[in-house]
file input.tsv (TSV, C-alpha atoms)
chain	number	residue	atom	x	y	z
L	1	MET	CA	-72.57	72.68	-22.27
L	2	ASP	CA	-72.82	69.05	-21.19
L	3	ILE	CA	-76.02	67.46	-19.88
L	4	GLN	CA	-74.94	67.48	-16.23
L	5	THR	CA	-74.20	71.20	-16.38
L	6	VAL	CA	-77.62	71.85	-17.92
L	7	LYS	CA	-79.31	69.80	-15.20
L	8	LEU	CA	-77.49	71.66	-12.44
L	9	GLU	CA	-78.38	75.01	-13.99
L	10	LEU	CA	-82.05	73.99	-14.18
L	11	VAL	CA	-82.02	72.88	-10.55
L	12	ARG	CA	-80.50	76.20	-9.53
L	13	LEU	CA	-83.09	78.16	-11.50
L	14	ILE	CA	-85.94	76.13	-10.04
L	15	LEU	CA	-84.67	76.53	-6.49
L	16	ASP	CA	-84.21	80.29	-6.94
L	17	THR	CA	-87.68	81.03	-8.31
L	18	GLU	CA	-90.72	81.90	-6.24
L	19	ASN	CA	-93.03	81.98	-9.26
L	20	PRO	CA	-95.67	79.25	-8.78
L	21	GLY	CA	-96.89	79.61	-12.37
L	22	LEU	CA	-93.43	78.96	-13.74
L	23	LEU	CA	-92.95	75.99	-11.41
L	24	ASN	CA	-96.29	74.52	-12.50
L	25	SER	CA	-95.33	74.98	-16.14
L	26	VAL	CA	-92.04	73.16	-15.63
L	27	ARG	CA	-93.85	70.40	-13.76
L	28	ARG	CA	-96.38	70.02	-16.60
L	29	LEU	CA	-93.54	69.76	-19.11
L	30	PHE	CA	-92.10	66.80	-17.24
L	31	VAL	CA	-95.45	65.11	-16.63
L	32	ASN	CA	-96.58	65.53	-20.24
L	33	SER	CA	-93.26	64.42	-21.72
L	34	GLU	CA	-93.36	61.19	-19.73
L	35	LYS	CA	-96.86	60.36	-20.93
L	36	ALA	CA	-96.65	61.67	-24.47
L	37	ASP	CA	-96.57	59.12	-27.24
L	38	PHE	CA	-97.18	60.54	-30.69
L	39	TRP	CA	-98.77	57.25	-31.75
L	40	ASP	CA	-101.77	57.95	-29.55
L	41	ASP	CA	-102.30	61.30	-31.27
L	42	LEU	CA	-102.53	59.72	-34.73
L	43	SER	CA	-105.85	58.82	-36.29
L	44	GLN	CA	-106.72	55.18	-36.86
L	45	LEU	CA	-106.14	55.66	-40.60
L	46	GLN	CA	-102.70	57.15	-40.02
L	47	GLN	CA	-101.75	54.28	-37.72
L	48	GLU	CA	-102.93	51.74	-40.30
L	49	GLU	CA	-100.97	53.43	-43.09
L	50	ILE	CA	-97.79	53.44	-41.01
L	51	LEU	CA	-98.21	49.77	-40.13
L	52	LYS	CA	-98.85	49.01	-43.80
L	53	GLY	CA	-95.64	50.85	-44.73
L	54	ILE	CA	-93.64	48.92	-42.16
L	55	GLU	CA	-95.05	45.65	-43.52
L	56	GLU	CA	-94.11	46.67	-47.08
L	57	ILE	CA	-90.55	47.44	-45.96
L	58	GLU	CA	-90.29	44.09	-44.18
L	59	ASN	CA	-91.49	42.36	-47.37
L	60	GLY	CA	-88.89	44.17	-49.48
L	61	GLU	CA	-91.52	46.22	-51.31
L	62	THR	CA	-89.48	49.41	-51.52
L	63	VAL	CA	-88.30	51.83	-54.20
L	64	SER	CA	-84.95	53.57	-53.91
L	65	TYR	CA	-84.70	57.33	-53.71
L	66	GLN	CA	-82.65	57.37	-56.93
L	67	ASP	CA	-85.38	55.48	-58.83
L	68	ILE	CA	-88.01	57.99	-57.77
L	69	ILE	CA	-85.81	60.99	-58.64
L	70	SER	CA	-84.85	59.60	-62.04
L	71	LYS	CA	-88.52	59.09	-62.98
L	72	HIS	CA	-89.42	62.68	-62.13
L	73	ARG	CA	-86.58	64.53	-63.83
call {"tool": "encode", "arguments": {"input": "input.tsv", "output": "structure tokens"}}
result
Amino acid sequence: MDIQTVKLELVRLILDTENPGLLNSVRRLFVNSEKADFWDDLSQLQQEEILKGIEEIENGETVSYQDIISKHR
């Protein structure tokens, strides 16, 4: 099913329902998905570790998957 078909089906389902609880749930899904950014849910330590990892990658401080596997076999 392509995206346009899915959208039309959702519109039809929304227009056909009289359930206010369901409509509020759908509304919350859209509102929350627009605001949600996983970064904000991470602790300060987690954010720092991710930024440190990105910096290491940018500086070429990486180890290949094969090197790690070969050391642990």
call {"tool": "closest_residue", "arguments": {"input": "input.tsv", "among": "L:Leu23, L:Ser43, L:Glu48, L:Tyr65", "to": "Val11 in chain L", "atoms": "only C-alpha atoms"}}
result
L:Leu23
call {"tool": "closest_residue", "arguments": {"input": "input.tsv", "among": "L:Trp39, L:Val26, L:Asn32, L:Lys71", "to": "Leu51 in chain L", "atoms": "all atoms listed in the file"}}
result
L:Trp39
call {"tool": "atom_distance", "arguments": {"input": "input.tsv", "atom1": "CA of Gln4 in chain L", "atom2": "CA of Phe38 in chain L"}}
result
27.4 Å
